[in-house]
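Source file data-v7.cif; content: mmCIF, C-alpha atoms and all ligand atoms.
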```cif
data_final
#
loop_
_atom_site.label_atom_id
_atom_site.label_comp_id
_atom_site.auth_asym_id
_atom_site.auth_seq_id
_atom_site.Cartn_x
_atom_site.Cartn_y
_atom_site.Cartn_z
CA ALA A 95 41.57 -14.37 20.54
CA ALA A 96 44.03 -11.51 20.39
CA GLU A 97 42.38 -8.46 18.94
CA TRP A 98 43.35 -7.86 15.34
CA GLY A 99 44.15 -4.34 14.24
CA TYR A 100 46.52 -2.36 12.05
CA SER A 101 49.64 -2.16 14.20
CA PRO A 102 52.84 -4.14 13.45
CA THR A 103 51.95 -6.75 16.09
CA ASN A 104 48.29 -7.35 15.13
CA GLY A 105 48.05 -5.92 11.62
CA PRO A 106 47.55 -7.25 8.07
CA ASP A 107 50.93 -9.01 8.00
CA VAL A 108 49.92 -11.34 10.84
CA TRP A 109 46.15 -11.72 10.23
CA ALA A 110 46.62 -15.05 8.42
CA ARG A 111 47.92 -16.61 11.66
CA LEU A 112 44.57 -16.03 13.38
CA PHE A 113 42.30 -15.93 10.30
CA PRO A 114 43.39 -18.53 7.74
CA GLN A 115 41.22 -17.07 4.97
CA ALA A 116 43.39 -13.94 5.04
CA GLY A 117 46.02 -15.97 3.18
CA GLY A 118 43.64 -17.09 0.44
CA ALA A 119 43.81 -16.60 -3.32
CA ARG A 120 40.90 -14.15 -3.68
CA GLN A 121 41.75 -11.54 -1.06
CA SER A 122 40.97 -7.83 -1.08
CA PRO A 123 41.88 -5.08 -1.60
CA VAL A 124 43.95 -5.21 -4.79
CA ASP A 125 45.89 -2.73 -6.87
CA ILE A 126 43.70 -1.91 -9.87
CA CYS A 127 46.05 -2.08 -12.83
CA THR A 128 44.01 -0.12 -15.38
CA SER A 129 45.92 -1.54 -18.34
CA ILE A 130 44.73 -5.08 -17.64
CA ALA A 131 41.12 -4.17 -16.87
CA SER A 132 39.04 -5.75 -19.61
CA SER A 133 36.06 -3.68 -20.66
CA ASP A 134 33.54 -6.40 -20.57
CA SER A 135 30.77 -5.62 -23.04
CA ASN A 136 28.11 -7.67 -21.31
CA LEU A 137 28.60 -5.61 -18.14
CA GLU A 138 27.38 -2.66 -20.19
CA MET A 139 24.30 -4.66 -21.17
CA LYS A 140 23.33 -5.49 -17.60
CA LYS A 141 23.53 -1.97 -16.21
CA LEU A 142 24.27 -1.81 -12.49
CA THR A 143 21.21 -0.30 -10.87
CA PHE A 144 20.68 0.79 -7.29
CA ALA A 145 17.75 2.15 -5.33
CA TYR A 146 18.16 3.31 -1.76
CA GLU A 147 15.76 4.80 0.77
CA SER A 148 16.56 7.93 2.73
CA GLN A 149 16.68 7.06 6.42
CA SER A 150 17.00 9.11 9.58
CA ASP A 151 18.07 7.93 13.03
CA LEU A 152 20.55 5.44 11.60
CA ARG A 153 22.86 4.07 14.30
CA ILE A 154 26.55 4.89 13.98
CA LEU A 155 29.05 3.08 16.14
CA ASN A 156 32.73 3.13 16.95
CA THR A 157 33.87 -0.43 16.23
CA GLY A 158 37.39 0.20 17.53
CA HIS A 159 38.54 -0.12 13.91
CA GLY A 160 36.61 2.92 12.64
CA TRP A 161 33.01 4.08 12.42
CA LYS A 162 30.21 1.97 10.97
CA VAL A 163 26.66 3.01 10.12
CA GLU A 164 24.14 0.18 10.43
CA ALA A 165 21.71 0.68 7.58
CA PRO A 166 19.72 -2.51 7.04
CA GLN A 167 17.45 -1.35 4.22
CA SER A 168 14.92 -3.95 3.17
CA GLY A 169 13.72 -1.49 0.54
CA SER A 170 17.14 -1.03 -1.03
CA ARG A 171 18.17 -2.90 -4.18
CA LEU A 172 21.52 -3.27 -5.89
CA GLU A 173 21.38 -5.42 -9.01
CA GLY A 174 22.71 -5.91 -12.53
CA GLY A 175 26.26 -5.33 -13.67
CA PRO A 176 28.38 -8.20 -12.29
CA LEU A 177 25.63 -9.35 -9.92
CA GLY A 178 23.87 -11.73 -12.28
CA GLU A 179 20.16 -12.11 -11.60
CA ASP A 180 20.45 -11.66 -7.83
CA ILE A 181 19.29 -8.68 -5.76
CA TYR A 182 21.55 -7.33 -3.01
CA GLN A 183 20.35 -5.29 -0.05
CA LEU A 184 22.26 -2.60 1.87
CA GLU A 185 23.40 -3.71 5.33
CA GLN A 186 25.97 -1.18 6.52
CA PHE A 187 28.50 1.38 5.40
CA HIS A 188 31.84 2.42 6.84
CA CYS A 189 35.14 3.75 5.63
CA HIS A 190 38.93 3.43 5.72
CA TRP A 191 41.52 6.17 6.05
CA GLY A 192 45.22 6.82 6.76
CA GLU A 193 47.50 8.89 9.00
CA THR A 194 47.86 11.46 6.24
CA SER A 195 45.85 12.09 3.12
CA ALA A 196 48.66 10.62 1.02
CA GLU A 197 47.27 7.19 1.91
CA GLY A 198 44.08 5.71 3.32
CA SER A 199 42.27 3.90 0.54
CA GLU A 200 42.34 0.13 0.44
CA HIS A 201 42.19 -0.34 -3.32
CA THR A 202 44.87 1.54 -5.23
CA VAL A 203 44.78 2.54 -8.91
CA ASP A 204 48.01 1.89 -10.82
CA GLY A 205 49.80 2.02 -7.46
CA ARG A 206 48.18 5.29 -6.41
CA ALA A 207 46.38 5.45 -3.06
CA TYR A 208 43.52 7.87 -2.37
CA ALA A 209 42.94 9.62 0.97
CA GLY A 210 40.24 7.19 2.00
CA GLU A 211 37.60 4.76 0.78
CA LEU A 212 33.90 4.38 1.61
CA HIS A 213 32.36 0.88 1.56
CA LEU A 214 28.63 0.28 1.10
CA VAL A 215 28.11 -3.37 2.14
CA HIS A 216 25.20 -5.33 0.59
CA TRP A 217 24.11 -8.98 0.84
CA ASN A 218 22.42 -11.36 -1.59
CA THR A 219 18.81 -11.60 -0.46
CA THR A 220 17.81 -13.64 -3.51
CA LYS A 221 19.85 -16.66 -2.43
CA TYR A 222 20.43 -16.30 1.30
CA GLN A 223 18.27 -15.82 4.37
CA SER A 224 20.60 -13.65 6.44
CA PHE A 225 23.68 -11.46 6.19
CA ALA A 226 25.69 -13.92 8.29
CA GLU A 227 24.72 -16.80 5.98
CA ALA A 228 25.48 -14.74 2.86
CA ALA A 229 28.97 -13.98 4.20
CA GLN A 230 29.76 -17.72 3.99
CA HIS A 231 29.24 -17.89 0.19
CA PRO A 232 31.34 -16.68 -2.76
CA ASP A 233 28.50 -14.50 -4.10
CA GLY A 234 27.11 -13.55 -0.73
CA LEU A 235 28.14 -9.91 -0.46
CA ALA A 236 28.53 -6.99 -2.86
CA VAL A 237 30.52 -3.98 -1.67
CA LEU A 238 30.53 -0.64 -3.49
CA GLY A 239 33.84 1.18 -2.98
CA VAL A 240 34.08 4.96 -3.42
CA PHE A 241 37.45 6.75 -3.23
CA PHE A 242 37.94 9.99 -1.26
CA ASP A 243 39.90 12.85 -2.79
CA VAL A 244 40.81 15.80 -0.54
CA GLY A 245 39.46 19.13 -1.79
CA ASN A 246 38.03 22.40 -0.59
CA GLU A 247 34.34 21.55 -0.56
CA SER A 248 33.30 19.50 2.42
CA ASN A 249 30.97 16.63 1.55
CA ASP A 250 27.59 17.39 3.13
CA GLU A 251 26.65 13.73 3.58
CA ILE A 252 30.00 12.92 5.19
CA GLU A 253 29.51 16.00 7.39
CA LYS A 254 26.37 14.33 8.82
CA ILE A 255 28.67 11.47 9.91
CA VAL A 256 31.45 13.76 11.17
CA SER A 257 29.02 15.75 13.31
CA THR A 258 28.28 12.62 15.40
CA LEU A 259 31.87 11.46 15.97
CA SER A 260 32.36 13.45 19.18
CA GLU A 261 29.58 11.31 20.72
CA ILE A 262 31.27 8.02 19.80
CA LYS A 263 34.86 8.85 20.65
CA PHE A 264 35.45 5.51 22.37
CA LYS A 265 35.21 1.91 21.11
CA GLY A 266 31.76 0.45 21.66
CA GLN A 267 29.96 3.77 21.82
CA PHE A 268 27.08 4.39 19.44
CA THR A 269 24.55 7.11 18.70
CA ASP A 270 21.79 7.84 16.19
CA ILE A 271 22.42 10.18 13.28
CA PRO A 272 19.57 12.71 13.48
CA ASP A 273 19.94 13.81 9.87
CA VAL A 274 18.34 12.02 6.96
CA ILE A 275 20.96 9.95 5.13
CA ASP A 276 20.52 9.02 1.47
CA PRO A 277 23.28 6.57 0.46
CA THR A 278 22.84 7.62 -3.19
CA THR A 279 24.51 10.93 -2.33
CA PHE A 280 27.74 9.07 -1.48
CA LEU A 281 28.09 7.90 -5.07
CA PRO A 282 30.09 9.90 -7.63
CA SER A 283 28.37 11.44 -10.63
CA GLY A 284 30.37 9.30 -13.07
CA LEU A 285 29.27 5.71 -12.59
CA GLY A 286 32.11 3.90 -14.34
CA TYR A 287 33.56 1.12 -12.16
CA TRP A 288 35.97 -1.80 -11.92
CA THR A 289 34.78 -5.16 -10.60
CA TYR A 290 36.42 -8.39 -9.45
CA LEU A 291 35.83 -11.27 -7.02
CA GLY A 292 37.42 -10.73 -3.61
CA SER A 293 37.01 -10.78 0.14
CA LEU A 294 36.28 -8.79 3.24
CA THR A 295 39.28 -6.50 3.76
CA THR A 296 39.16 -7.12 7.51
CA PRO A 297 39.24 -10.35 9.49
CA PRO A 298 37.77 -12.91 9.09
CA CYS A 299 38.57 -11.98 5.44
CA ASN A 300 35.81 -14.23 4.07
CA GLU A 301 36.15 -14.70 0.31
CA CYS A 302 32.52 -13.76 -0.25
CA VAL A 303 32.59 -10.32 -1.88
CA ILE A 304 31.81 -9.16 -5.40
CA TRP A 305 33.71 -5.84 -5.43
CA ILE A 306 32.47 -2.86 -7.42
CA VAL A 307 34.91 0.07 -7.15
CA TYR A 308 33.86 3.38 -8.71
CA LYS A 309 36.48 5.07 -10.90
CA GLU A 310 35.54 8.64 -9.94
CA PRO A 311 36.37 9.75 -6.37
CA ILE A 312 34.15 11.98 -4.25
CA THR A 313 35.62 15.00 -2.48
CA VAL A 314 35.98 15.42 1.27
CA THR A 315 37.99 18.01 3.19
CA GLU A 316 41.15 17.50 5.22
CA GLU A 317 39.19 18.67 8.28
CA GLN A 318 36.66 15.87 7.79
CA LEU A 319 39.46 13.29 7.63
CA VAL A 320 41.11 14.87 10.70
CA GLN A 321 37.87 14.23 12.59
CA PHE A 322 37.94 10.53 11.59
CA ARG A 323 41.44 10.25 13.09
CA CYS A 324 40.18 11.53 16.45
CA LEU A 325 38.21 8.34 17.11
CA SER A 326 39.73 6.18 19.83
CA ALA A 327 40.44 2.47 19.32
CA CYS A 328 40.03 1.91 23.07
CA SER A 329 36.93 1.87 25.23
CA GLY A 330 38.54 3.50 28.26
CA GLU A 331 40.44 6.66 28.99
CA ALA A 332 43.57 5.40 27.22
CA GLU A 333 43.77 7.29 23.96
CA GLU A 334 44.97 5.35 20.98
CA PHE A 335 43.59 7.15 17.95
CA ILE A 336 42.36 5.25 14.91
CA VAL A 337 44.76 6.97 12.53
CA LYS A 338 44.90 4.21 9.94
CA ASN A 339 42.58 1.32 9.22
CA TYR A 340 43.34 0.20 5.66
CA ARG A 341 44.67 -3.14 4.46
CA PRO A 342 47.36 -2.90 1.76
CA PRO A 343 46.72 -4.43 -1.69
CA GLN A 344 46.80 -8.24 -1.96
CA PRO A 345 47.85 -10.29 -5.02
CA LEU A 346 45.25 -10.29 -7.80
CA GLY A 347 46.60 -13.65 -8.97
CA ASN A 348 44.72 -14.95 -12.00
CA ARG A 349 41.48 -13.19 -11.19
CA ALA A 350 39.70 -11.25 -13.95
CA LEU A 351 39.51 -7.49 -13.42
CA ARG A 352 36.65 -6.08 -15.48
CA GLU A 353 35.60 -2.51 -16.06
CA CYS A 354 32.35 -0.86 -17.08
CA ASN A 355 32.25 2.73 -18.31
CA ALA A 356 28.68 3.63 -17.46
C1 LIG B 1 34.91 -6.79 10.78
N1 LIG B 1 34.45 -6.86 9.40
C2 LIG B 1 33.55 -5.83 9.02
C3 LIG B 1 32.17 -6.06 9.68
N2 LIG B 1 31.54 -7.23 9.11
C4 LIG B 1 31.62 -8.48 9.78
C5 LIG B 1 31.61 -8.48 11.15
C6 LIG B 1 31.69 -9.73 11.83
C7 LIG B 1 31.78 -10.92 11.16
C8 LIG B 1 31.81 -10.91 9.79
O1 LIG B 1 31.92 -12.11 9.20
C9 LIG B 1 31.49 -12.19 7.91
C10 LIG B 1 31.72 -9.68 9.09
S1 LIG B 1 31.03 -7.00 7.58
O2 LIG B 1 30.83 -8.23 6.92
O3 LIG B 1 29.88 -6.13 7.60
C11 LIG B 1 32.30 -6.22 6.85
S2 LIG B 1 32.46 -5.85 5.19
C12 LIG B 1 34.01 -5.19 5.34
S3 LIG B 1 34.84 -4.57 3.98
N3 LIG B 1 36.00 -3.61 4.46
O4 LIG B 1 35.43 -5.67 3.27
O5 LIG B 1 33.84 -3.82 3.23
C13 LIG B 1 34.37 -5.18 6.65
C14 LIG B 1 33.42 -5.74 7.53
ZN ZN B 2 35.64 -1.69 4.38
#
```
Show me, as structure tokens, the structure contained in the file I just sent.
Amino acid sequence: AAEWGYSPTNGPDVWARLFPQAGGARQSPVDICTSIASSDSNLEMKKLTFAYESQSDLRILNTGHGWKVEAPQSGSRLEGGPLGEDIYQLEQFHCHWGETSAEGSEHTVDGRAYAGELHLVHWNTTKYQSFAEAAQHPDGLAVLGVFFDVGNESNDEIEKIVSTLSEIKFKGQFTDIPDVIDPTTFLPSGLGYWTYLGSLTTPPCNECVIWIVYKEPITVTEEQLVQFRCLSACSGEAEEFIVKNYRPPQPLGNRALRECNA
């Protein structure tokens, strides 16, 4: 099948031709309209809790659509909040960015885009036997979204990612991150979030994701984002830089958008 991407000929506007789910009624991302977010009291009751391990030698790869760190963590647990009684386990994390820092996030807040967005992808190990199986069910995945704001302090954890990007310049290349990575350090200090039922934001756009988007952004530097944009979407010498890899907001429709101010 023709390779999907983010250009006018293979981007979000034409994904539904190749991937029918992309035209569904519970697609992601969405614009988070803060005035309609209902602060759902029982979300406060069932506090969202997470426990991650620190891991070294995690594999990072250039997928052609960005970088992705494979972090299958059988010891990790994400539970509570909107996740009912099920336990979700970290599988991978990656991020989305734009050509300039004026754009780049997938979710927007009252129409405002951030400079990028980190996604920590988890799957429901209570109900399903594998990630691939979980991705076929409406409650199969839980993705934590964290916005990037551009500031003067570089983010040390992101720097561990940036320092490997020169080794995975081309699509298909991968390397191991020598540093110890603790996914907890990617999370903001304020743990308030919005949550709604949505989808993968890339093809095949499966409608299998419980989204949890943190309200507070983390800070990265312009230089760190510049390094992301130096990744190549091609495997060969041709240089087509991955300068943008975000899907624009999709209709929320009649979905509930709930918030929890932790
Ligand atoms: C290409 N899609 C990414 C990789 N994955 C993938 C790859 C192959 C098949 C597949 O079918 C389910 C999923 S994934 O499920 O880890 C995710 S999650 C996600 S996001 N932006 O919504 O957080 C993007 C991708
Ligand atoms: Zn993503």
* To do: Return as a PyMOL selection string every polymer residue, whether protein, DNA or RNA, with at least one atom no more than 7 Å from an atom of ligand ZN 2 (chain B); count all atoms listed in the file.
  => chain A and resi 188-190+212-213+295
With distances taken over only C-alpha atoms, the candidate from A:Pro345, A:Ala145, A:Leu155, A:Arg120 nearest Thr269 of chain A is A:Leu155
Fewer than 2 positions away in the same chain doesn't count, so skip those; otherwise give me all residues within 12 Å of Thr279 of chain A, counting only C-alpha atoms, as a PDB file with C-alpha atoms, in the coordinates of the input.
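Done, and the output landed in around_2.pdb:
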```
ATOM      1  CA  PHE A 144      20.680   0.790  -7.290  1.00  0.00           C
ATOM      2  CA  ALA A 145      17.750   2.150  -5.330  1.00  0.00           C
ATOM      3  CA  TYR A 146      18.160   3.310  -1.760  1.00  0.00           C
ATOM      4  CA  GLU A 147      15.760   4.800   0.770  1.00  0.00           C
ATOM      5  CA  SER A 148      16.560   7.930   2.730  1.00  0.00           C
ATOM      6  CA  LEU A 214      28.630   0.280   1.100  1.00  0.00           C
ATOM      7  CA  VAL A 240      34.080   4.960  -3.420  1.00  0.00           C
ATOM      8  CA  ASN A 249      30.970  16.630   1.550  1.00  0.00           C
ATOM      9  CA  ASP A 250      27.590  17.390   3.130  1.00  0.00           C
ATOM     10  CA  GLU A 251      26.650  13.730   3.580  1.00  0.00           C
ATOM     11  CA  ILE A 252      30.000  12.920   5.190  1.00  0.00           C
ATOM     12  CA  LYS A 254      26.370  14.330   8.820  1.00  0.00           C
ATOM     13  CA  VAL A 274      18.340  12.020   6.960  1.00  0.00           C
ATOM     14  CA  ILE A 275      20.960   9.950   5.130  1.00  0.00           C
ATOM     15  CA  ASP A 276      20.520   9.020   1.470  1.00  0.00           C
ATOM     16  CA  PRO A 277      23.280   6.570   0.460  1.00  0.00           C
ATOM     17  CA  LEU A 281      28.090   7.900  -5.070  1.00  0.00           C
ATOM     18  CA  PRO A 282      30.090   9.900  -7.630  1.00  0.00           C
ATOM     19  CA  SER A 283      28.370  11.440 -10.630  1.00  0.00           C
ATOM     20  CA  ILE A 312      34.150  11.980  -4.250  1.00  0.00           C
ATOM     21  CA  THR A 313      35.620  15.000  -2.480  1.00  0.00           C
TER      22      THR A 313
END
```
As an MDAnalysis selection string, please: every protein or nucleic acid residue near ligand LIG 1 (chain B) (cut-off 6 Å, counting only C-alpha atoms and all ligand atoms).
chainID A and resid 213 215 229 237 294:298
Box centre and edge lengths (Å, one decimal), axis-aligned, segment 105-109 of chain A plus 6 Å each side, as JSON:
```
{"center_x": 48.5, "center_y": -8.8, "center_z": 9.8, "size_x": 16.8, "size_y": 17.8, "size_z": 15.6}
```
Counting only C-alpha atoms, which of A:Glu179, A:Glu310, A:Glu173, A:Glu200 gets nearest to Leu285 of chain A?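 Looking at the shortest contact to Leu285 of chain A, the residue is A:Glu310.
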Around the point (50.6, 4.0, 16.0) (coordinates from the file), which residues reach within 9 Å if we count all atoms listed in the file? Answer as a list in words.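 The residues that fall inside the cut-off are Tyr100, Ser101, Pro102, Glu334, Phe335, Ile336, Val337 and Lys338 of chain A.
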Restricting the calculation to all atoms listed in the file: of A:Cys302, A:Pro176, A:Gly210, A:Ser170, which residue gets closest to Gly198 of chain A?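 The closest residue to Gly198 of chain A is A:Gly210.
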Open item on the list: Could you tell me how far atom CA of Glu185 of chain A sits from atom CA of Asn348 of chain A, in Å to one decimal place?
Closed with: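 Interatomic distance here is 29.7 Å.
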Inset, instruction - Can you work out which one of A:Val307, A:Cys299, A:Val108, A:Ala116 has the shortest atom-to-atom distance to Val203 of chain A, counting only C-alpha atoms? - result: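 Comparing A:Val307, A:Cys299, A:Val108, A:Ala116 against Val203 of chain A, the winner is A:Val307.
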I need the residue nearest Gly175 of chain A from this list: A:Gln344, A:Asn156, A:Asn355, A:Thr278. Use only C-alpha atoms for the distance.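 When distances to Gly175 of chain A are compared using only C-alpha atoms, the smallest one comes from A:Asn355.
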Select, from A:Phe322, A:Tyr308, A:Tyr182, A:Tyr290, the residue with the minimum atom-to-atom distance to Leu346 of chain A, counting all atoms listed in the file.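 Closest residue, counting all atoms listed in the file: A:Tyr290.
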- Skip Pro232 of chain A itself and residues of its chain fewer than 2 positions away, then list as a PyMOL selection string all residues within 9 Å of it, counting all atoms listed in the file. chain A and resi 228-230+234-235+291-293+300-304
